[in-house]
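For reference, work_39.cif is printed below; it contains mmCIF, C-alpha atoms.
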data_coords
loop_
_atom_site.label_atom_id
_atom_site.label_comp_id
_atom_site.auth_asym_id
_atom_site.auth_seq_id
_atom_site.Cartn_x
_atom_site.Cartn_y
_atom_site.Cartn_z
CA MET M 164 128.84 269.60 105.51
CA ASN M 165 131.68 271.10 107.57
CA ALA M 166 134.26 268.67 108.94
CA LEU M 167 137.18 268.95 111.35
CA ILE M 168 139.84 266.23 111.14
CA TYR M 169 142.58 265.76 113.75
CA GLY M 170 145.45 263.82 112.26
CA GLY M 171 148.02 265.93 110.48
CA ARG M 172 150.19 263.71 108.29
CA SER M 173 148.32 260.48 109.05
CA PRO M 174 147.62 258.73 105.71
CA ILE M 175 144.19 257.73 107.01
CA ALA M 176 143.37 261.29 108.09
CA LEU M 177 144.44 262.69 104.72
CA GLU M 178 142.39 260.07 102.87
CA ILE M 179 139.34 260.97 104.98
CA CYS M 180 139.89 264.60 103.98
CA LYS M 181 140.18 263.59 100.34
CA GLN M 182 136.99 261.54 100.35
CA LEU M 183 134.97 264.17 102.21
CA ALA M 184 136.24 266.99 100.01
CA GLY M 185 135.54 264.90 96.92
CA ALA M 186 131.91 264.65 98.06
CA GLY M 187 131.70 268.45 98.27
CA HIS M 188 132.27 268.93 102.00
CA GLU M 189 134.38 271.69 103.59
CA VAL M 190 137.26 270.09 105.48
CA HIS M 191 139.55 271.59 108.13
CA LEU M 192 142.69 269.65 109.11
CA VAL M 193 144.42 269.97 112.50
CA THR M 194 148.12 269.15 112.72
CA ARG M 195 150.64 269.38 115.54
CA VAL M 196 153.16 271.23 113.36
CA ARG M 197 152.00 273.38 110.44
CA ASP M 198 154.72 273.66 107.82
CA GLU M 199 154.92 273.94 104.06
CA ALA M 200 154.89 270.17 103.59
CA ILE M 201 151.63 269.59 105.48
CA VAL M 202 150.00 272.61 103.84
CA THR M 203 150.81 271.09 100.44
CA LEU M 204 149.57 267.65 101.52
CA ALA M 205 146.37 269.12 102.87
CA LYS M 206 145.75 271.11 99.68
CA ASP M 207 146.38 268.03 97.55
CA ASN M 208 143.75 266.20 99.60
CA GLY M 209 141.09 268.88 99.33
CA CYS M 210 141.38 270.58 102.73
CA SER M 211 140.02 274.11 103.00
CA GLU M 212 142.31 275.10 105.88
CA VAL M 213 145.14 273.68 107.99
CA HIS M 214 145.35 274.59 111.67
CA GLU M 215 148.31 274.08 114.01
CA CYS M 216 147.41 272.75 117.43
CA ASN M 217 149.21 270.62 120.01
CA LEU M 218 146.63 268.57 121.92
CA GLU M 219 148.95 268.64 124.94
CA ASP M 220 147.55 272.16 125.45
CA SER M 221 143.91 271.46 126.24
CA ALA M 222 142.90 275.10 126.61
CA LYS M 223 144.21 276.12 123.19
CA SER M 224 142.77 272.95 121.65
CA ILE M 225 139.31 273.73 123.00
CA ALA M 226 139.56 277.35 121.88
CA LEU M 227 140.52 276.31 118.35
CA ALA M 228 137.65 273.81 118.05
CA LEU M 229 135.14 276.40 119.24
CA LYS M 230 136.59 279.02 116.89
CA ILE M 231 136.22 276.71 113.88
CA ASP M 232 132.76 275.59 115.04
CA LYS M 233 131.63 279.21 115.16
CA LYS M 234 133.32 280.16 111.89
CA VAL M 235 131.58 277.41 109.86
CA GLY M 236 128.21 277.91 111.53
CA GLY M 237 128.34 274.62 113.40
CA LEU M 238 130.55 271.61 112.70
CA GLU M 239 128.74 268.58 111.34
CA ALA M 240 131.62 266.09 111.53
CA VAL M 241 134.67 265.71 113.77
CA ALA M 242 137.23 262.91 113.43
CA PHE M 243 140.14 262.14 115.75
CA VAL M 244 142.73 260.20 113.78
CA HIS M 245 145.78 261.41 115.69
CA ARG M 246 147.95 259.65 118.26
CA TYR M 247 150.54 260.72 120.80
CA ARG M 248 154.10 260.53 119.51
CA SER M 249 157.25 261.10 121.53
CA ALA M 250 160.73 259.64 121.73
CA VAL M 251 160.35 259.54 125.52
CA SER M 252 157.48 257.71 127.23
CA ASN M 253 155.17 260.01 129.15
CA PRO M 254 151.96 258.27 130.31
CA SER M 255 150.29 261.48 131.48
CA LYS M 256 150.82 263.28 128.18
CA GLU M 257 149.79 260.23 126.17
CA TYR M 258 146.49 260.01 128.04
CA LEU M 259 146.03 263.77 127.71
CA VAL M 260 146.57 263.79 123.94
CA ASP M 261 144.80 260.55 123.06
CA VAL M 262 141.84 260.70 125.43
CA TYR M 263 141.31 263.63 127.75
CA THR M 264 141.77 266.57 125.38
CA PRO M 265 139.42 264.98 122.80
CA TYR M 266 136.90 264.51 125.60
CA GLN M 267 137.23 268.15 126.63
CA ILE M 268 136.79 269.25 123.02
CA LEU M 269 133.58 267.22 122.81
CA GLU M 270 132.36 268.72 126.09
CA ALA M 271 133.00 272.20 124.72
CA LEU M 272 131.26 271.49 121.41
CA ALA M 273 128.31 269.99 123.31
CA SER M 274 127.93 273.24 125.22
CA GLN M 275 127.14 275.09 121.99
CA HIS M 276 123.65 275.25 120.54
CA ARG M 277 123.55 273.53 117.16
CA ASN M 278 120.81 273.21 114.60
CA HIS M 279 122.44 270.26 112.86
CA GLU M 280 123.76 266.98 114.19
CA CYS M 281 127.51 266.64 114.63
CA ALA M 282 128.88 263.14 113.99
CA VAL M 283 132.09 262.30 115.85
CA MET M 284 134.48 259.46 115.00
CA LEU M 285 137.29 258.39 117.34
CA THR M 286 140.02 256.07 116.09
CA THR M 287 140.94 253.33 118.52
CA SER M 288 143.02 250.17 118.04
CA PRO M 289 143.09 246.38 118.46
CA ALA M 290 145.21 247.23 121.53
CA ALA M 291 141.99 248.30 123.26
CA ARG M 292 140.97 244.66 123.64
CA SER M 293 144.13 242.57 123.20
CA ILE M 294 147.90 242.84 123.44
CA VAL M 295 149.79 244.28 120.49
CA GLY M 296 153.35 243.07 120.92
CA ASN M 297 155.27 246.13 119.72
CA GLN M 298 153.37 248.69 121.87
CA ASP M 299 153.86 249.58 125.53
CA PHE M 300 151.36 249.58 128.40
CA GLN M 301 150.58 253.29 128.10
CA TYR M 302 149.48 252.81 124.49
CA HIS M 303 147.20 249.91 125.44
CA ALA M 304 145.73 251.82 128.39
CA SER M 305 145.00 254.92 126.29
CA LYS M 306 143.32 252.91 123.54
CA ALA M 307 141.16 251.08 126.07
CA ALA M 308 140.15 254.43 127.59
CA LEU M 309 139.42 255.80 124.13
CA SER M 310 137.01 252.94 123.46
CA GLN M 311 135.20 253.78 126.67
CA LEU M 312 135.08 257.44 125.61
CA VAL M 313 133.17 256.34 122.50
CA ARG M 314 130.52 254.67 124.66
CA PHE M 315 130.43 257.40 127.30
CA GLY M 316 130.26 260.19 124.73
CA ALA M 317 127.49 258.45 122.80
CA VAL M 318 125.30 258.57 125.90
CA ARG M 319 126.41 261.88 127.39
CA PHE M 320 126.25 264.02 124.26
CA ALA M 321 123.33 262.50 122.33
CA SER M 322 120.85 264.98 123.78
CA ARG M 323 123.08 267.83 122.52
CA ASN M 324 122.84 266.65 118.92
CA ILE M 325 126.25 264.96 118.95
CA ARG M 326 126.62 261.34 117.88
CA VAL M 327 129.82 259.44 118.76
CA ASN M 328 131.24 256.27 117.22
CA GLY M 329 134.62 254.58 116.96
CA LEU M 330 136.69 252.87 114.33
CA SER M 331 139.37 250.27 114.98
CA PRO M 332 141.69 249.74 111.99
CA GLY M 333 143.25 246.30 111.78
CA SER M 334 146.89 245.71 112.58
CA PHE M 335 147.62 244.98 108.92
CA VAL M 336 147.06 248.19 106.93
CA PHE M 337 149.23 248.84 103.90
CA LYS M 338 150.35 252.48 103.85
CA GLN M 339 152.09 253.77 100.75
CA ARG M 340 154.79 255.56 102.74
CA ALA M 341 155.85 252.13 104.03
CA ALA M 342 155.86 250.49 100.58
CA GLU M 343 159.64 250.12 100.54
CA PHE M 344 159.57 248.44 103.96
CA TYR M 345 156.98 245.91 102.76
CA ALA M 346 158.96 245.33 99.56
CA ASN M 347 161.99 244.45 101.68
CA ASN M 348 159.92 242.31 104.07
CA PRO M 349 157.49 240.33 101.89
CA GLN M 350 157.01 237.79 104.69
CA ILE M 351 154.83 240.34 106.52
CA ILE M 352 152.39 240.59 103.63
CA ASP M 353 152.47 236.82 103.16
CA ARG M 354 151.67 236.28 106.85
CA ALA M 355 148.83 238.82 106.72
CA ASN M 356 147.35 237.17 103.64
CA LYS M 357 147.33 233.84 105.45
CA LEU M 358 145.84 235.18 108.70
CA ILE M 359 143.16 237.57 107.43
CA PRO M 360 139.91 235.89 106.28
CA LEU M 361 139.72 238.26 103.29
CA ALA M 362 143.28 237.13 102.42
CA ARG M 363 144.70 240.62 101.91
CA MET M 364 146.01 243.54 103.89
CA GLY M 365 143.73 246.53 104.22
CA ILE M 366 144.57 249.74 102.41
CA VAL M 367 144.13 253.30 103.65
CA SER M 368 141.00 253.92 101.58
CA ASP M 369 139.35 250.85 103.17
CA ILE M 370 139.68 252.49 106.57
CA ALA M 371 138.84 256.02 105.44
CA SER M 372 135.65 255.00 103.65
CA VAL M 373 134.25 253.54 106.88
CA ALA M 374 135.24 256.71 108.76
CA VAL M 375 133.41 258.80 106.16
CA PHE M 376 130.36 256.56 106.58
CA LEU M 377 130.38 257.18 110.33
CA LEU M 378 130.75 260.93 109.78
CA THR M 379 127.83 261.30 107.39
CA LYS M 380 124.07 260.92 107.56
CA GLN M 381 124.20 257.42 106.08
CA SER M 382 125.08 256.19 109.59
CA GLY M 383 122.51 258.42 111.28
CA TYR M 384 121.15 255.78 113.67
CA ILE M 385 124.51 254.32 114.70
CA ASN M 386 125.72 255.62 118.06
CA GLY M 387 128.24 254.32 120.58
CA GLN M 388 129.60 251.58 118.31
CA ILE M 389 133.19 250.67 117.48
CA LEU M 390 133.54 249.19 114.00
CA GLU M 391 136.36 246.71 113.43
CA VAL M 392 137.82 247.30 109.97
CA ASP M 393 140.27 244.42 109.81
CA GLY M 394 139.20 242.01 107.09
CA GLY M 395 137.61 239.73 109.67
CA ILE M 396 140.69 238.79 111.71
CA SER M 397 139.09 239.92 115.00
CA THR M 398 136.37 237.28 114.54
CA LEU M 399 138.88 234.43 114.72
CA ASP M 400 139.66 232.39 117.80
CA PRO M 401 143.31 233.32 118.61
CA ALA M 402 144.14 229.64 119.13
CA SER M 403 143.11 228.90 115.55
CA LEU M 404 145.69 231.30 114.14
CA SER M 405 148.48 228.84 114.92
CA LYS M 406 146.66 225.85 113.41
CA PRO M 407 146.83 224.80 109.75
CA ASN M 408 143.65 225.14 107.68
#

As structure tokens, what does this structure read like?
Amino acid sequence: MNALIYGGRSPIALEICKQLAGAGHEVHLVTRVRDEAIVTLAKDNGCSEVHECNLEDSAKSIALALKIDKKVGGLEAVAFVHRYRSAVSNPSKEYLVDVYTPYQILEALASQHRNHECAVMLTTSPAARSIVGNQDFQYHASKAALSQLVRFGAVRFASRNIRVNGLSPGSFVFKQRAAEFYANNPQIIDRANKLIPLARMGIVSDIASVAVFLLTKQSGYINGQILEVDGGISTLDPASLSKPN
């Protein structure tokens, strides 16, 4: 299987690459800035190639996706695990990077004849359905639009042999690069353990393994769904979170 992962230095994106490569798949990683550090990270996680691409440039992004699609003889998996990052808020660019360019890439891939199904996974967020306190309106709006792209794409592209699903990681995901922060703020982990029904924070491999499931034939009859990978916290009544057990 040939896979294209958008996500650069994202721990979840790199873990997806690692799991796919470990299963014998060819993995291409797309990053906004290609430097020696990301090339090393990608190699360590089994990536075949690393491509530099800024999703703010839709035309170049589409051209790159089509180039890779042609080179590998038809992509069989595409995952969007990136997000817009900027020190200055720019709603138009955030929507472009998070939602519209991925949509245009899918439109372009759907225009190509393919003999094999291509499974697509889009990463959304709890902010698509509720308010995440430390994020602004633009972030919430983009994630809500991204969830709708999952549903729209599942219907629009199914006849072109493209299957689209989404994954919403929980708010409490332990990432190794933040280990020092958690060590200095143990109350965050303690709070997560009390709130989450599974009584533990998620780890990167928990999220990546579900993404890999959505990208492979094991999920072949799942289309247009957004899986909540959050230890069960999204099933709770918000009012109950403030009440003692």

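Using all atoms listed in the file, the nearest neighbour of His276 in chain M within the list M:His245, M:His214, M:Arg292, M:Lys233 is M:Lys233.
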
Test item: the PyMOL selection byres ((chain M and resi 375) around 10) resolved as a ChimeraX atom specification | /M:178-180,182-183,240,242,284,370-374,376-382

Please produce an output containing C-alpha atoms for each residue in the selection, written as a CSV table (one decimal), keeping the file's coordinate frame.
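So the final result, stored in again-v3.csv, reads:
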chain,number,residue,atom,x,y,z
M,178,GLU,CA,142.4,260.1,102.9
M,179,ILE,CA,139.3,261.0,105.0
M,180,CYS,CA,139.9,264.6,104.0
M,182,GLN,CA,137.0,261.5,100.4
M,183,LEU,CA,135.0,264.2,102.2
M,240,ALA,CA,131.6,266.1,111.5
M,242,ALA,CA,137.2,262.9,113.4
M,284,MET,CA,134.5,259.5,115.0
M,370,ILE,CA,139.7,252.5,106.6
M,371,ALA,CA,138.8,256.0,105.4
M,372,SER,CA,135.6,255.0,103.6
M,373,VAL,CA,134.2,253.5,106.9
M,374,ALA,CA,135.2,256.7,108.8
M,376,PHE,CA,130.4,256.6,106.6
M,377,LEU,CA,130.4,257.2,110.3
M,378,LEU,CA,130.8,260.9,109.8
M,379,THR,CA,127.8,261.3,107.4
M,380,LYS,CA,124.1,260.9,107.6
M,381,GLN,CA,124.2,257.4,106.1
M,382,SER,CA,125.1,256.2,109.6

Decode the PyMOL selection byres ((chain M and resi 236) around 12) for the given file into explicit residues and return them as JSON, numbers by chain.
-> {"M": [164, 165, 166, 189, 229, 230, 231, 232, 233, 234, 235, 237, 238, 239, 275, 276, 277, 278, 279, 281]}

Given the PyMOL selection byres ((chain M and resi 173) around 12), the residues it picks as a ChimeraX atom specification = /M:168-172,174-180,192-195,201,204-205,208,243-248,286,338-340,367,371

What's the 12 Å shell around range 395-398 of chain M, counting only C-alpha atoms, without same-chain residues fewer than 2 positions away, as a PyMOL selection string?
-> chain M and resi 288-290+292-293+331-335+355-365+390-393+400-404

Go ahead and compute the interatomic distance for CA of Ala250 in chain M and CA of Tyr345 in chain M, in Å to one decimal.
-> 23.7 Å

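Across the model, the gap from CA of Val262 in chain M to CA of Val283 in chain M is 13.8 Å.
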
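Our summary of the geometry notes that CA of Lys306 in chain M is positioned 15.4 Å from CA of Gly387 in chain M.
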
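Residue nearest Leu312 in chain M within the list M:Ala342, M:Leu167, M:Val260, M:Leu285: M:Leu285 [criterion: smallest interatomic distance, only C-alpha atoms].
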
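Across M:Val241, M:Ala291, M:Ile225, M:Val196, the tightest approach to Ala271 in chain M is made by M:Ile225 when counting only C-alpha atoms.
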
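With distances restricted to all atoms listed in the file, M:Ser252 is the closest residue to Phe300 in chain M from M:Ala341, M:Ile351, M:Asp220, M:Ser252.
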
Closest of M:Glu257, M:Asp299, M:Glu219, M:Glu280 to Arg323 in chain M - atom-to-atom distances counting only C-alpha atoms = M:Glu280

One residue among M:Gln311, M:Ser221, M:Thr203, M:Ser368 is nearest to Gln267 in chain M when using all atoms listed in the file, and that residue is M:Ser221
